[in-house]
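Student: Handing you this structure, nothing more for now.
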Amino acid sequence: MLNRLAVAGTRASGLWLAALVALLALPCLVPTRAAAATDTGVATANGPRAPGGAGQAQSADGDRLVPLGPGDSITIQVFGQPDMTSTVYVADDGTVHVPLAGSVAVGGATSVQAAQRIAQALKSGGYFVDPVVSVSLVQTRNDRVSVLGEVHQPGTYPIDPSTTVFDLLALAGGETANGADVVYVRRHEPGGQVASFPVDLQSLGGAGGTAAVGAENQAANRRLQAGDELYVPQAEHFYIYGEVTAPNLYKLEPGMTVIQAIARAGGITPRGSSRRIDVKRQGKNGHYVISHATADELVQPDDVIRVKESLF
């Protein structure tokens, strides 16, 4: 009986010991997996390297492999050298400053390619035999859009896939009083070309639109893309004076007629006549021509409208 108890005790002790060994081993395994998942954009001077195993390393920005450009923020790490860790911005010339190695060109490279270039610079300089370098993309300037022109707060603003033209205008504080209803999105196309697309804000807002702005452009520019530029031009104007309630310079609305322009100026005074309206307009030769205007005539940019007194 005693022998059986001794054998059982020995087996139990063995099981507890095995379990203890397994538990002690877990803390070592978990960080290794976590490190392998986060160590992206890793390379040596000889090429990409996947830490903890074979295979190609991914870039820090995932499968998109977005090339680095001026304004991007990256973190550089050299494994086994914590004092070499630094977070830097890509300069306008596409270079970054690396401790010991100095300036290294990374513009146009993915995170993996940038890590390889930095590793090569450290090796060529004789600072390390075979350094393992990690480059992580912290923030990219490519996820931002510039807003220019007639807005209260011009500048560069971050966007996401759901950002619309209206959203971006709101971030820039909205249009000024001189802002036009048709704005333009400048987009960098493959091959270095820059395309400009008109966006009718009235049409996007459901208030109709300008016939000159195609429906295909309206649909294409409801959403913005990284790297776009949104330009808000100054609105076109007309001037009205004479027998109107509020003579002044006014913003020209798309499709505005003479009678609508008069209404915008508060209407005709009791002394004025709706049959005595002149418009001063610049002709093709650059000279100004004064002619009689009808109520349904379209107002042109820079028109000068005069409402005369009634003869009776």
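Ligands are numbered from 1 in the order shown, residues from 1 within each chain, and chains are lettered A, B, ... in the order they appear in the structure tokens.
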Assign secondary structure with DSSP using the backbone only, and return the residues of stretch 91-238 of chain A in helix (DSSP H, G or I) as a PyMOL selection string.
Tutor: chain A and resi 111-124+141-143+165-171+201-204+215-220
Student: Quick one: pick out all strand (DSSP E) residues within stretch 175-289 of chain A from a backbone DSSP run and write them as a PyMOL selection string.
Tutor: chain A and resi 182-188+194-200+229-232+237-242+248-251+272-282+288-289
Student: How would the residues just picked look written out with C-alpha atoms as an mmCIF file, in the first residue's frame?
Tutor:
data_model
loop_
_atom_site.group_PDB
_atom_site.id
_atom_site.type_symbol
_atom_site.label_atom_id
_atom_site.label_comp_id
_atom_site.auth_asym_id
_atom_site.auth_seq_id
_atom_site.Cartn_x
_atom_site.Cartn_y
_atom_site.Cartn_z
ATOM 1 C CA VAL A 182 -17.893 75.910 -58.342
ATOM 2 C CA VAL A 183 -14.651 74.700 -56.747
ATOM 3 C CA TYR A 184 -11.902 72.563 -58.234
ATOM 4 C CA VAL A 185 -10.202 69.357 -57.151
ATOM 5 C CA ARG A 186 -6.666 68.991 -58.460
ATOM 6 C CA ARG A 187 -5.631 65.356 -58.561
ATOM 7 C CA HIS A 188 -2.206 63.888 -59.323
ATOM 8 C CA VAL A 194 -2.340 66.790 -62.784
ATOM 9 C CA ALA A 195 -6.053 66.756 -63.572
ATOM 10 C CA SER A 196 -8.504 69.434 -62.435
ATOM 11 C CA PHE A 197 -12.161 68.557 -61.849
ATOM 12 C CA PRO A 198 -14.933 71.114 -61.226
ATOM 13 C CA VAL A 199 -17.297 70.471 -58.330
ATOM 14 C CA ASP A 200 -20.580 72.399 -58.205
ATOM 15 C CA GLU A 229 -5.755 69.816 -53.620
ATOM 16 C CA LEU A 230 -9.073 71.620 -53.186
ATOM 17 C CA TYR A 231 -9.054 75.097 -54.718
ATOM 18 C CA VAL A 232 -11.850 77.596 -54.034
ATOM 19 C CA HIS A 237 -19.175 89.670 -59.541
ATOM 20 C CA PHE A 238 -21.421 92.276 -61.127
ATOM 21 C CA TYR A 239 -22.158 95.871 -60.147
ATOM 22 C CA ILE A 240 -25.588 97.472 -60.095
ATOM 23 C CA TYR A 241 -26.461 101.117 -59.455
ATOM 24 C CA GLY A 242 -29.037 103.746 -60.242
ATOM 25 C CA ASN A 248 -23.420 97.666 -54.702
ATOM 26 C CA LEU A 249 -21.030 94.994 -55.946
ATOM 27 C CA TYR A 250 -22.646 91.543 -55.729
ATOM 28 C CA LYS A 251 -21.650 87.937 -56.192
ATOM 29 C CA GLY A 272 -37.023 103.754 -61.363
ATOM 30 C CA SER A 273 -38.267 102.042 -64.529
ATOM 31 C CA SER A 274 -38.043 98.336 -65.401
ATOM 32 C CA ARG A 275 -38.026 99.362 -69.073
ATOM 33 C CA ARG A 276 -34.950 101.577 -68.783
ATOM 34 C CA ILE A 277 -32.116 99.229 -67.861
ATOM 35 C CA ASP A 278 -28.673 99.471 -69.417
ATOM 36 C CA VAL A 279 -25.744 97.090 -69.072
ATOM 37 C CA LYS A 280 -22.126 98.025 -69.612
ATOM 38 C CA ARG A 281 -20.199 94.944 -70.778
ATOM 39 C CA GLN A 282 -16.709 94.299 -72.080
ATOM 40 C CA TYR A 288 -16.857 98.313 -73.172
ATOM 41 C CA VAL A 289 -20.230 98.488 -74.861
#
Student: Which is closer to A:Ala293 than all the others in A:Thr257, A:Gly179, A:Thr269, A:Ala172, using only C-alpha atoms?
Tutor: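 Selected residue with least distance to A:Ala293: A:Thr257.
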